[in-house]
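K.L.:
Data: target_12.txt, compact mmCIF, C-alpha atoms (C1' of nucleotides).
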# COMPACT_ATOMS: atom_id res chain seq x y z
CA MET A 1 32.01 146.99 119.92
CA PRO A 2 29.89 147.91 116.91
CA THR A 3 29.79 151.60 116.07
CA LYS A 4 26.84 153.28 117.67
CA ARG A 5 24.10 154.73 115.51
CA VAL A 6 23.62 158.49 116.06
CA PRO A 7 27.07 159.76 115.06
CA ARG A 8 28.32 163.21 116.01
CA ALA A 9 26.79 164.98 113.09
CA SER A 10 25.67 162.66 110.34
CA ALA A 11 27.45 163.57 107.15
CA THR A 12 24.11 163.14 105.42
CA THR A 13 22.67 166.10 107.24
CA GLU A 14 25.45 168.35 106.09
CA VAL A 15 25.25 167.45 102.43
CA THR A 16 21.47 167.50 102.47
CA TYR A 17 21.48 170.95 103.94
CA ARG A 18 23.92 172.16 101.35
CA SER A 19 21.85 170.70 98.56
CA ILE A 20 18.89 172.79 99.70
CA ILE A 21 20.92 176.00 99.68
CA ARG A 22 22.47 175.17 96.36
CA LEU A 23 19.16 174.41 94.72
CA PHE A 24 17.69 177.69 95.79
CA GLY A 25 20.64 179.59 94.38
CA LEU A 26 20.24 177.83 91.07
CA ILE A 27 16.54 178.56 90.93
CA ARG A 28 17.12 182.24 91.58
CA HIS A 29 19.68 182.38 88.80
CA ILE A 30 17.08 180.97 86.46
CA MET A 31 14.08 183.00 87.55
CA GLU A 32 15.50 186.52 87.93
CA PRO A 33 16.28 186.90 84.21
CA PHE A 34 12.78 185.69 83.50
CA PHE A 35 11.22 188.46 85.59
CA SER A 36 13.41 191.12 84.10
CA GLN A 37 11.98 190.27 80.69
CA PHE A 38 8.82 191.88 82.00
CA GLY A 39 10.61 194.81 83.56
CA ILE A 40 9.98 193.66 87.12
CA THR A 41 11.95 191.94 89.89
CA GLY A 42 11.22 188.77 91.81
CA SER A 43 9.89 190.74 94.75
CA GLN A 44 7.57 192.70 92.54
CA TRP A 45 6.27 189.48 91.05
CA GLY A 46 5.58 188.36 94.60
CA VAL A 47 3.36 191.38 95.13
CA LEU A 48 1.55 190.95 91.82
CA GLN A 49 0.96 187.29 92.55
CA VAL A 50 -0.44 187.91 96.01
CA LEU A 51 -2.72 190.68 94.80
CA LEU A 52 -3.95 188.60 91.90
CA ARG A 53 -4.76 185.68 94.17
CA ALA A 54 -6.47 187.98 96.63
CA GLU A 55 -8.66 189.32 93.86
CA GLU A 56 -9.58 185.80 92.89
CA GLU A 57 -10.69 185.27 96.45
CA GLY A 58 -12.78 188.42 96.34
CA LEU A 59 -10.34 190.83 97.96
CA THR A 60 -9.51 193.69 95.65
CA ARG A 61 -7.37 195.51 98.15
CA LEU A 62 -4.90 194.43 100.79
CA ARG A 63 -3.30 196.36 103.62
CA LEU A 64 0.45 196.77 103.39
CA THR A 65 0.86 194.70 106.51
CA ASP A 66 -1.21 191.85 105.11
CA LEU A 67 0.91 191.93 102.00
CA GLY A 68 4.00 191.67 104.14
CA ASP A 69 2.57 188.76 106.11
CA ARG A 70 1.85 186.83 102.96
CA LEU A 71 5.29 187.49 101.55
CA LEU A 72 7.10 186.89 104.85
CA VAL A 73 8.65 190.31 104.61
CA GLN A 74 8.91 193.15 107.12
CA PRO A 75 6.91 196.39 106.76
CA PRO A 76 9.78 198.63 105.64
CA SER A 77 10.55 196.32 102.75
CA ILE A 78 6.94 196.42 101.57
CA THR A 79 6.89 200.19 101.71
CA GLY A 80 9.82 200.33 99.33
CA VAL A 81 8.57 197.75 96.86
CA ILE A 82 5.13 199.34 96.69
CA ASP A 83 6.69 202.77 96.24
CA ARG A 84 8.45 201.60 93.13
CA MET A 85 5.52 199.59 91.79
CA GLU A 86 3.26 202.57 92.23
CA ARG A 87 5.73 204.61 90.24
CA LEU A 88 5.57 201.94 87.54
CA GLY A 89 1.79 202.18 87.54
CA LEU A 90 1.29 198.55 88.51
CA VAL A 91 -0.46 199.09 91.85
CA ALA A 92 -2.35 201.86 93.59
CA ARG A 93 -2.03 202.86 97.23
CA SER A 94 -5.12 204.33 98.85
CA ALA A 95 -6.41 205.07 102.31
CA SER A 96 -8.34 202.47 104.21
CA ASP A 97 -11.88 203.57 104.97
CA THR A 98 -12.04 201.75 108.26
CA ASP A 99 -8.67 202.53 109.78
CA LEU A 100 -6.91 205.83 109.33
CA ARG A 101 -3.57 204.31 110.16
CA SER A 102 -3.50 201.81 107.34
CA LYS A 103 -3.36 202.01 103.59
CA VAL A 104 -4.51 199.47 101.07
CA VAL A 105 -2.93 198.37 97.84
CA SER A 106 -4.73 197.20 94.74
CA LEU A 107 -3.79 196.20 91.20
CA THR A 108 -4.20 198.77 88.47
CA PRO A 109 -5.53 197.47 85.14
CA ALA A 110 -1.97 197.52 83.84
CA GLY A 111 -0.77 195.64 86.91
CA ARG A 112 -3.47 193.01 86.54
CA GLU A 113 -2.71 192.54 82.87
CA LEU A 114 0.99 192.14 83.57
CA ALA A 115 0.37 189.77 86.47
CA LEU A 116 -1.66 187.48 84.24
CA ARG A 117 0.94 187.59 81.53
CA VAL A 118 3.79 186.79 83.92
CA ARG A 119 1.80 184.01 85.51
CA LYS A 120 1.57 182.13 82.24
CA GLY A 121 5.27 182.23 81.55
CA HIS A 122 5.99 181.48 85.18
CA ALA A 123 4.10 178.21 85.07
CA ALA A 124 6.11 177.19 82.04
CA ARG A 125 9.34 178.00 83.86
CA THR A 126 8.51 176.05 86.96
CA GLN A 127 7.58 173.14 84.73
CA ALA A 128 10.98 173.36 83.08
CA ILE A 129 12.74 173.55 86.41
CA LEU A 130 10.96 170.56 87.87
CA ALA A 131 11.28 168.59 84.67
CA GLY A 132 14.40 167.13 86.24
CA LEU A 133 12.12 164.91 88.30
CA SER A 134 9.34 162.55 87.37
CA PRO A 135 5.83 163.39 88.59
CA LYS A 136 6.19 160.71 91.21
CA GLU A 137 9.50 162.08 92.39
CA GLN A 138 8.07 165.58 92.47
CA GLU A 139 5.30 164.38 94.69
CA HIS A 140 7.74 162.70 97.01
CA LEU A 141 9.91 165.80 97.11
CA HIS A 142 6.90 167.91 97.90
CA GLN A 143 5.95 165.64 100.74
CA LEU A 144 9.43 165.77 102.25
CA LEU A 145 9.72 169.53 101.90
CA ASP A 146 6.33 170.11 103.46
CA GLN A 147 7.22 167.88 106.34
CA LEU A 148 10.41 169.80 106.86
CA GLY A 149 8.57 173.09 106.48
CA SER A 150 6.06 172.19 109.15
CA HIS A 151 8.88 171.24 111.47
CA LEU A 152 10.53 174.60 110.93
CA GLU A 153 7.36 176.60 111.40
CA ALA A 154 6.83 174.82 114.67
CA THR A 155 10.38 175.75 115.59
CA LEU A 156 9.90 179.38 114.61
CA GLU A 157 6.63 180.05 116.35
CA PRO A 158 6.42 178.39 119.72
CA LYS A 159 4.08 181.32 120.20
CA ASP A 160 1.50 181.79 122.90
CA GLY A 161 0.19 179.02 125.12
CA PRO A 162 0.54 175.28 124.66
CA VAL A 163 -2.21 175.27 122.07
CA ALA A 164 -1.85 178.01 119.47
CA PRO A 165 -5.11 178.79 117.70
CA ARG A 166 -3.93 180.65 114.59
CA VAL A 167 -6.92 181.21 112.38
CA GLY A 168 -5.71 183.68 109.77
CA THR A 169 -6.22 182.99 106.10
CA ALA A 170 -2.55 183.29 105.37
CA PRO A 171 -0.78 180.37 107.05
CA SER A 172 2.31 182.42 107.73
CA SER A 173 3.56 180.63 104.73
CA ALA A 174 5.40 181.35 101.73
CA ARG A 175 7.59 184.04 100.25
CA SER A 176 5.65 183.83 97.03
CA GLU A 177 8.24 185.46 94.90
CA VAL A 178 10.77 183.73 92.67
CA MET B 1 -17.16 163.12 80.49
CA PRO B 2 -14.47 162.11 82.98
CA THR B 3 -11.75 164.66 83.62
CA LYS B 4 -8.62 163.85 81.69
CA ARG B 5 -5.41 162.94 83.48
CA VAL B 6 -2.42 165.09 82.54
CA PRO B 7 -3.94 168.51 83.25
CA ARG B 8 -2.58 171.72 81.72
CA ALA B 9 0.15 172.19 84.21
CA SER B 10 0.26 169.48 86.83
CA ALA B 11 -0.85 170.94 90.10
CA THR B 12 1.90 168.91 91.73
CA THR B 13 4.58 170.90 89.99
CA GLU B 14 3.17 174.15 91.24
CA VAL B 15 2.89 173.13 94.87
CA THR B 16 6.25 171.41 94.80
CA TYR B 17 7.88 174.51 93.45
CA ARG B 18 6.25 176.61 96.10
CA SER B 19 7.38 174.27 98.82
CA ILE B 20 10.99 174.78 97.74
CA ILE B 21 10.68 178.56 97.88
CA ARG B 22 8.90 178.44 101.18
CA LEU B 23 11.46 176.16 102.77
CA PHE B 24 14.30 178.40 101.81
CA GLY B 25 12.56 181.40 103.31
CA LEU B 26 12.07 179.52 106.56
CA ILE B 27 15.68 178.44 106.68
CA ARG B 28 16.87 181.98 106.18
CA HIS B 29 14.66 183.17 108.99
CA ILE B 30 16.30 180.63 111.25
CA MET B 31 19.90 181.09 110.18
CA GLU B 32 20.25 184.86 109.97
CA PRO B 33 19.70 185.41 113.70
CA PHE B 34 22.25 182.69 114.33
CA PHE B 35 24.93 184.52 112.34
CA SER B 36 24.17 187.83 113.95
CA GLN B 37 25.00 186.28 117.31
CA PHE B 38 28.56 186.30 116.06
CA GLY B 39 28.33 189.78 114.63
CA ILE B 40 28.40 188.63 111.02
CA THR B 41 25.92 188.11 108.19
CA GLY B 42 25.16 185.05 106.12
CA SER B 43 27.29 186.34 103.27
CA GLN B 44 30.21 186.94 105.57
CA TRP B 45 29.87 183.41 106.87
CA GLY B 46 30.02 182.27 103.26
CA VAL B 47 33.38 183.97 102.87
CA LEU B 48 34.74 182.59 106.14
CA GLN B 49 33.61 179.12 105.22
CA VAL B 50 35.19 179.18 101.78
CA LEU B 51 38.46 180.56 103.12
CA LEU B 52 38.56 178.00 105.91
CA ARG B 53 37.99 175.17 103.49
CA ALA B 54 40.60 176.54 101.13
CA GLU B 55 43.12 176.60 103.98
CA GLU B 56 42.32 173.02 104.76
CA GLU B 57 43.16 172.20 101.17
CA GLY B 58 46.44 174.03 101.43
CA LEU B 59 45.41 177.38 99.93
CA THR B 60 45.94 180.19 102.41
CA ARG B 61 44.91 182.91 100.00
CA LEU B 62 42.28 183.21 97.31
CA ARG B 63 41.80 185.78 94.60
CA LEU B 64 38.63 187.85 94.86
CA THR B 65 37.40 186.34 91.63
CA ASP B 66 37.91 182.80 92.86
CA LEU B 67 36.00 183.67 95.99
CA GLY B 68 33.16 184.97 93.86
CA ASP B 69 33.15 181.84 91.74
CA ARG B 70 32.84 179.63 94.78
CA LEU B 71 30.05 181.72 96.23
CA LEU B 72 28.23 182.18 92.93
CA VAL B 73 28.40 185.91 93.36
CA GLN B 74 29.50 188.67 90.99
CA PRO B 75 32.74 190.64 91.50
CA PRO B 76 31.18 193.88 92.77
CA SER B 77 29.39 192.00 95.54
CA ILE B 78 32.62 190.39 96.69
CA THR B 79 34.37 193.73 96.76
CA GLY B 80 31.78 195.05 99.17
CA VAL B 81 31.69 192.06 101.48
CA ILE B 82 35.47 191.91 101.70
CA ASP B 83 35.63 195.65 102.35
CA ARG B 84 33.46 195.25 105.41
CA MET B 85 35.14 192.08 106.62
CA GLU B 86 38.51 193.73 106.31
CA ARG B 87 37.21 196.58 108.41
CA LEU B 88 36.08 193.99 110.99
CA GLY B 89 39.55 192.50 110.97
CA LEU B 90 38.39 189.09 109.80
CA VAL B 91 40.24 188.94 106.51
CA ALA B 92 43.22 190.63 104.88
CA ARG B 93 43.48 191.85 101.31
CA SER B 94 46.92 191.83 99.76
CA ALA B 95 48.50 192.09 96.35
CA SER B 96 49.10 189.01 94.30
CA ASP B 97 52.75 188.45 93.57
CA THR B 98 52.18 186.97 90.17
CA ASP B 99 49.54 189.28 88.73
CA LEU B 100 49.46 192.99 89.42
CA ARG B 101 45.78 193.17 88.56
CA SER B 102 44.56 190.77 91.19
CA LYS B 103 44.41 190.80 94.95
CA VAL B 104 44.22 187.89 97.29
CA VAL B 105 42.24 187.45 100.46
CA SER B 106 43.24 185.44 103.49
CA LEU B 107 41.89 184.82 106.97
CA THR B 108 43.36 186.79 109.83
CA PRO B 109 43.89 184.87 113.08
CA ALA B 110 40.71 186.47 114.39
CA GLY B 111 38.85 185.48 111.27
CA ARG B 112 40.06 181.90 111.48
CA GLU B 113 39.12 181.67 115.11
CA LEU B 114 35.65 183.03 114.42
CA ALA B 115 35.16 180.76 111.41
CA LEU B 116 35.90 177.70 113.52
CA ARG B 117 33.59 178.89 116.24
CA VAL B 118 30.72 179.57 113.85
CA ARG B 119 31.24 176.25 112.11
CA LYS B 120 30.56 174.35 115.30
CA GLY B 121 27.29 176.09 116.04
CA HIS B 122 26.35 175.91 112.40
CA ALA B 123 26.49 172.14 112.37
CA ALA B 124 24.20 172.06 115.38
CA ARG B 125 21.73 174.37 113.65
CA THR B 126 21.59 172.36 110.48
CA GLN B 127 21.03 169.27 112.60
CA ALA B 128 18.11 170.99 114.28
CA ILE B 129 16.66 172.10 110.97
CA LEU B 130 16.85 168.67 109.40
CA ALA B 131 15.63 166.98 112.53
CA GLY B 132 12.19 167.19 110.96
CA LEU B 133 13.18 164.25 108.79
CA SER B 134 14.52 160.82 109.62
CA PRO B 135 18.03 159.97 108.40
CA LYS B 136 16.49 157.88 105.69
CA GLU B 137 14.21 160.68 104.58
CA GLN B 138 17.11 163.09 104.61
CA GLU B 139 19.02 160.84 102.33
CA HIS B 140 16.11 160.57 99.97
CA LEU B 141 15.64 164.35 100.00
CA HIS B 142 19.29 164.83 99.27
CA GLN B 143 19.09 162.48 96.33
CA LEU B 144 16.09 164.28 94.86
CA LEU B 145 17.59 167.72 95.34
CA ASP B 146 20.87 166.71 93.78
CA GLN B 147 19.08 165.26 90.82
CA LEU B 148 17.15 168.48 90.40
CA GLY B 149 20.31 170.51 90.89
CA SER B 150 22.15 168.65 88.17
CA HIS B 151 19.22 169.18 85.85
CA LEU B 152 19.34 172.93 86.52
CA GLU B 153 23.07 173.22 86.10
CA ALA B 154 22.76 171.53 82.76
CA THR B 155 20.05 174.04 81.91
CA LEU B 156 22.16 176.99 83.02
CA GLU B 157 25.37 176.14 81.27
CA PRO B 158 24.80 174.74 77.81
CA LYS B 159 28.20 176.36 77.42
CA ASP B 160 30.68 175.77 74.65
CA GLY B 161 30.58 172.80 72.31
CA PRO B 162 28.45 169.70 72.62
CA VAL B 163 30.76 168.30 75.25
CA ALA B 164 31.75 170.76 77.93
CA PRO B 165 34.98 169.82 79.72
CA ARG B 166 34.80 171.84 82.96
CA VAL B 167 37.64 170.79 85.19
CA GLY B 168 37.72 173.42 87.92
CA THR B 169 37.81 172.43 91.55
CA ALA B 170 34.70 174.42 92.34
CA PRO B 171 31.82 172.76 90.49
CA SER B 172 30.06 176.08 89.94
CA SER B 173 28.10 174.92 92.89
CA ALA B 174 26.80 176.32 95.90
CA ARG B 175 26.18 179.66 97.48
CA SER B 176 27.87 178.44 100.62
CA GLU B 177 26.30 180.95 102.90
CA VAL B 178 23.22 180.43 105.04
C1' DT C 1 57.35 195.94 69.00
C1' DA C 2 52.53 197.75 68.72
C1' DC C 3 47.91 197.34 69.13
C1' DC C 4 43.61 194.98 70.22
C1' DT C 5 41.25 191.97 73.28
C1' DT C 6 40.53 189.96 77.61
C1' DT C 7 40.69 189.79 82.60
C1' DA C 8 40.69 191.69 87.66
C1' DG C 9 38.94 194.72 90.61
C1' DT C 10 36.48 198.86 91.69
C1' DT C 11 32.93 202.50 91.38
C1' DA C 12 28.26 204.18 90.51
C1' DG C 13 23.54 203.47 90.76
C1' DC C 14 19.44 200.66 91.63
C1' DA C 15 16.42 197.16 94.20
C1' DT C 16 15.83 194.33 98.34
C1' DA C 17 16.20 192.99 102.99
C1' DC C 18 16.65 194.07 107.90
C1' DT C 19 16.52 196.66 112.64
C1' DA C 20 15.51 200.74 115.23
C1' DA C 21 13.05 204.73 115.85
C1' DT C 22 8.92 207.98 114.76
C1' DG C 23 4.28 209.71 114.29
C1' DA C 24 -0.61 208.63 113.99
C1' DA C 25 -4.40 206.27 115.16
C1' DT C 26 -6.82 202.57 117.50
C1' DC C 27 -7.57 199.34 121.32
C1' DG C 28 -8.36 197.92 125.74
C1' DC C 29 -9.05 198.05 130.25
C1' DC C 30 -9.95 200.46 134.45
C1' DG D 1 -14.41 208.46 129.18
C1' DG D 2 -9.71 208.48 129.19
C1' DC D 3 -5.00 207.12 129.17
C1' DG D 4 -1.41 203.64 128.45
C1' DA D 5 -0.25 199.89 125.23
C1' DT D 6 -0.41 198.31 120.65
C1' DT D 7 -0.57 198.59 115.68
C1' DC D 8 0.34 200.68 110.87
C1' DA D 9 3.17 202.83 107.92
C1' DT D 10 7.24 205.41 107.11
C1' DT D 11 12.06 207.06 107.59
C1' DA D 12 17.01 206.39 108.58
C1' DG D 13 20.87 203.63 108.19
C1' DT D 14 23.31 199.21 107.00
C1' DA D 15 24.30 194.99 104.20
C1' DT D 16 23.67 192.36 99.93
C1' DG D 17 22.91 191.59 95.22
C1' DC D 18 23.07 193.07 90.32
C1' DT D 19 24.36 195.54 85.75
C1' DA D 20 27.10 198.89 83.41
C1' DA D 21 31.07 201.41 82.95
C1' DC D 22 36.06 202.29 83.99
C1' DT D 23 41.07 201.60 85.07
C1' DA D 24 44.97 198.85 85.06
C1' DA D 25 47.43 195.00 83.67
C1' DA D 26 48.08 190.74 80.78
C1' DG D 27 47.88 188.22 76.61
C1' DG D 28 48.11 187.38 71.75
C1' DT D 29 48.99 188.39 67.28
C1' DA D 30 50.32 190.90 63.23
Go through the file and emit its structure as structure tokens.

P.N.:
Amino acid sequence: MPTKRVPRASATTEVTYRSIIRLFGLIRHIMEPFFSQFGITGSQWGVLQVLLRAEEEGLTRLRLTDLGDRLLVQPPSITGVIDRMERLGLVARSASDTDLRSKVVSLTPAGRELALRVRKGHAARTQAILAGLSPKEQEHLHQLLDQLGSHLEATLEPKDGPVAPRVGTAPSSARSEV
Amino acid sequence: MPTKRVPRASATTEVTYRSIIRLFGLIRHIMEPFFSQFGITGSQWGVLQVLLRAEEEGLTRLRLTDLGDRLLVQPPSITGVIDRMERLGLVARSASDTDLRSKVVSLTPAGRELALRVRKGHAARTQAILAGLSPKEQEHLHQLLDQLGSHLEATLEPKDGPVAPRVGTAPSSARSEV
DNA sequence: TACCTTTAGTTAGCATACTAATGAATCGCC
DNA sequence: GGCGATTCATTAGTATGCTAACTAAAGGTA
């Protein structure tokens, strides 16, 4: 009889999975040295990037929790990163005026200036990284990755009821760093 | 006037790049809990996996440095991971009999047993993760990622001379964990 | 043989990441 | 209005990862 389709584990799946992991490792090895040129780490860039974008949307201050949500990172991690960035003079932590429990973070002038400077070089780096693919291939890759990402988010949050509303501005997305 | 094609930075590149970072974050969020079911971490799985594969190629012991090369991790990191795994009874560290400087690591029976057990569940997990794509799409994704990976490796190691030999068994690849 | 350079592994110190537990403050529902 | 449940941030403790510096052992060459 002809071999059935649907084998025990599809060798393709295994190698595809490994290629994802491998690619990420390579990207990190390229980006970390870039960030250290500016005296920051990938995580700190993540914070700068989120705060800069928030400002451009009219939000000059974000709660620590919101920052964590946007970076897909737990509260204790945010506390530490912000501690160090405050020490570096890149961000300022202040009390919320509506909720005594929470604190808000905002860019200092120095932080904003650095964020803009890093952003420029960052764009050039991502260009260089993706230069291995043609624009058309990049688009196709993006489509496949997004499809996979949506699948995984669905897997991760089979949250409340059959129909999950989910209105927040931050689509639980991205780990902006790197 | 009509907006020019070829904008300053190709929006596609930016979103594609972000989709890579995001996907990796999602995968980590899915895999880490899986490993902790077995009482290990992703890095420890990386070590088990490399040692298991080495055994299957006839190598029952690897030097710490070789382990680091295969995992794309620096020596001090390996020292720490192996310390903890030794304490867990998963691997054994012993002296090399050809070089007094180096030490070799091998799986203990318990480590081998665990590695095999994790490997099974791991395959199932990767299947579930990639189930968001059809086999054909997976293949296409794999092709694109490999192409990008080769591009990055070329970027990272413009090593010696115009023509770099590079014969080693481990193609500088993968960060086997996760 | 003697000395200088390179290699293997470890230690020290820093930056992240996580979970669990704490203390404050706010919400929500009776 | 009030009290239990939830939320926000932090602390404590563990696991990685890295760079820099150090020890010990090999190698290579004068």

K.L.:
Which residues of chain A sit at most 9 Å from chain C, using all atoms listed in the file? Give each one's shortest atom pair and distance in Å (one decimal place), in chain and ascending residue order, as a Markdown table.

P.N.:
| residue | atom | partner | partner_atom | distance |
| --- | --- | --- | --- | --- |
| A:Thr41 | CA | C:DA15 | C1' | 8.1 |
| A:Ser43 | CA | C:DT16 | C1' | 7.8 |
| A:Val73 | CA | C:DA17 | C1' | 8.2 |
| A:Gln74 | CA | C:DC18 | C1' | 7.8 |
| A:Pro76 | CA | C:DC18 | C1' | 8.5 |
| A:Ser77 | CA | C:DA17 | C1' | 6.6 |
| A:Gly80 | CA | C:DT16 | C1' | 8.5 |
| A:Val81 | CA | C:DT16 | C1' | 8.2 |
| A:Asp99 | CA | C:DA25 | C1' | 7.8 |
| A:Leu100 | CA | C:DA25 | C1' | 6.4 |
| A:Arg101 | CA | C:DA25 | C1' | 5.4 |

K.L.:
May I ask for the distance between atom CA of Leu62 of chain A and atom CA of Ser106 of chain A, given in Å to one decimal place?

P.N.:
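Atom-to-atom, atom CA of Leu62 of chain A and atom CA of Ser106 of chain A are spaced 6.7 Å apart.
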
K.L.:
Tell me the residues of chain D close to chain A, meaning within 9 Å using only C-alpha atoms (C1' of nucleotides), as a list in words.

P.N.:
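The answer, sorted by residue number, is DT7, DC8, DA9, DT10 and DT11 of chain D.
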
K.L.:
Mind pulling up the distance from atom CA of Leu23 of chain B to atom CA of Leu114 of chain A?

P.N.:
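A separation of 27.1 Å between them.
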
K.L.:
With all atoms listed in the file as the basis for distance, which of B:Leu72, B:Pro33, B:Leu152, B:Val47 is at the shortest distance from DG17 of chain D?

P.N.:
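Comparing B:Leu72, B:Pro33, B:Leu152, B:Val47 against DG17 of chain D, the winner is B:Leu72.
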
K.L.:
So how far away is atom CA of Leu71 of chain A from atom CA of Arg53 of chain A, in Å?

P.N.:
12.6 Å

K.L.:
Return the neighbours of chain B among the residues of chain A, cut-off 8 Å, counting all atoms listed in the file, as a PDB file with C-alpha atoms, in the frame of the given file.

P.N.:
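Just written: result_29.pdb:
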ATOM      1  CA  ALA A   9      26.790 164.980 113.090  1.00  0.00           C
ATOM      2  CA  THR A  12      24.110 163.140 105.420  1.00  0.00           C
ATOM      3  CA  THR A  13      22.670 166.100 107.240  1.00  0.00           C
ATOM      4  CA  GLU A  14      25.450 168.350 106.090  1.00  0.00           C
ATOM      5  CA  VAL A  15      25.250 167.450 102.430  1.00  0.00           C
ATOM      6  CA  THR A  16      21.470 167.500 102.470  1.00  0.00           C
ATOM      7  CA  TYR A  17      21.480 170.950 103.940  1.00  0.00           C
ATOM      8  CA  ARG A  18      23.920 172.160 101.350  1.00  0.00           C
ATOM      9  CA  SER A  19      21.850 170.700  98.560  1.00  0.00           C
ATOM     10  CA  ILE A  20      18.890 172.790  99.700  1.00  0.00           C
ATOM     11  CA  ILE A  21      20.920 176.000  99.680  1.00  0.00           C
ATOM     12  CA  ARG A  22      22.470 175.170  96.360  1.00  0.00           C
ATOM     13  CA  LEU A  23      19.160 174.410  94.720  1.00  0.00           C
ATOM     14  CA  PHE A  24      17.690 177.690  95.790  1.00  0.00           C
ATOM     15  CA  GLY A  25      20.640 179.590  94.380  1.00  0.00           C
ATOM     16  CA  LEU A  26      20.240 177.830  91.070  1.00  0.00           C
ATOM     17  CA  ILE A  27      16.540 178.560  90.930  1.00  0.00           C
ATOM     18  CA  ILE A  30      17.080 180.970  86.460  1.00  0.00           C
ATOM     19  CA  LEU A  72       7.100 186.890 104.850  1.00  0.00           C
ATOM     20  CA  ALA A 123       4.100 178.210  85.070  1.00  0.00           C
ATOM     21  CA  THR A 126       8.510 176.050  86.960  1.00  0.00           C
ATOM     22  CA  GLN A 127       7.580 173.140  84.730  1.00  0.00           C
ATOM     23  CA  ILE A 129      12.740 173.550  86.410  1.00  0.00           C
ATOM     24  CA  LEU A 130      10.960 170.560  87.870  1.00  0.00           C
ATOM     25  CA  GLY A 132      14.400 167.130  86.240  1.00  0.00           C
ATOM     26  CA  LEU A 133      12.120 164.910  88.300  1.00  0.00           C
ATOM     27  CA  PRO A 135       5.830 163.390  88.590  1.00  0.00           C
ATOM     28  CA  GLU A 137       9.500 162.080  92.390  1.00  0.00           C
ATOM     29  CA  GLN A 138       8.070 165.580  92.470  1.00  0.00           C
ATOM     30  CA  GLU A 139       5.300 164.380  94.690  1.00  0.00           C
ATOM     31  CA  LEU A 141       9.910 165.800  97.110  1.00  0.00           C
ATOM     32  CA  HIS A 142       6.900 167.910  97.900  1.00  0.00           C
ATOM     33  CA  LEU A 144       9.430 165.770 102.250  1.00  0.00           C
ATOM     34  CA  LEU A 145       9.720 169.530 101.900  1.00  0.00           C
ATOM     35  CA  ASP A 146       6.330 170.110 103.460  1.00  0.00           C
ATOM     36  CA  GLN A 147       7.220 167.880 106.340  1.00  0.00           C
ATOM     37  CA  LEU A 148      10.410 169.800 106.860  1.00  0.00           C
ATOM     38  CA  GLY A 149       8.570 173.090 106.480  1.00  0.00           C
ATOM     39  CA  HIS A 151       8.880 171.240 111.470  1.00  0.00           C
ATOM     40  CA  LEU A 152      10.530 174.600 110.930  1.00  0.00           C
ATOM     41  CA  GLU A 153       7.360 176.600 111.400  1.00  0.00           C
ATOM     42  CA  LEU A 156       9.900 179.380 114.610  1.00  0.00           C
ATOM     43  CA  SER A 173       3.560 180.630 104.730  1.00  0.00           C
ATOM     44  CA  ALA A 174       5.400 181.350 101.730  1.00  0.00           C
ATOM     45  CA  ARG A 175       7.590 184.040 100.250  1.00  0.00           C
ATOM     46  CA  SER A 176       5.650 183.830  97.030  1.00  0.00           C
ATOM     47  CA  GLU A 177       8.240 185.460  94.900  1.00  0.00           C
ATOM     48  CA  VAL A 178      10.770 183.730  92.670  1.00  0.00           C
TER      49      VAL A 178
END

K.L.:
Could I get segment 13-26 of chain C from the block written as a JSON list (two decimals), in the first residue's frame, with C-alpha atoms (C1' of nucleotides)?

P.N.:
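And here is the file that came out, decode.json:
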[["chain", "number", "residue", "atom", "x", "y", "z"],
["C", 13, "DG", "C1'", 30.54, 40.94, 38.76],
["C", 14, "DC", "C1'", 26.67, 42.73, 36.07],
["C", 15, "DA", "C1'", 22.01, 42.55, 33.56],
["C", 16, "DT", "C1'", 17.86, 39.87, 32.56],
["C", 17, "DA", "C1'", 14.28, 36.66, 33.24],
["C", 18, "DC", "C1'", 11.16, 34.06, 36.23],
["C", 19, "DT", "C1'", 8.17, 32.50, 40.46],
["C", 20, "DA", "C1'", 6.62, 33.28, 45.08],
["C", 21, "DA", "C1'", 5.63, 36.19, 48.67],
["C", 22, "DT", "C1'", 4.69, 41.07, 50.70],
["C", 23, "DG", "C1'", 2.62, 45.51, 51.54],
["C", 24, "DA", "C1'", -0.44, 49.12, 49.86],
["C", 25, "DA", "C1'", -4.23, 50.66, 47.73],
["C", 26, "DT", "C1'", -8.38, 50.06, 45.01]]
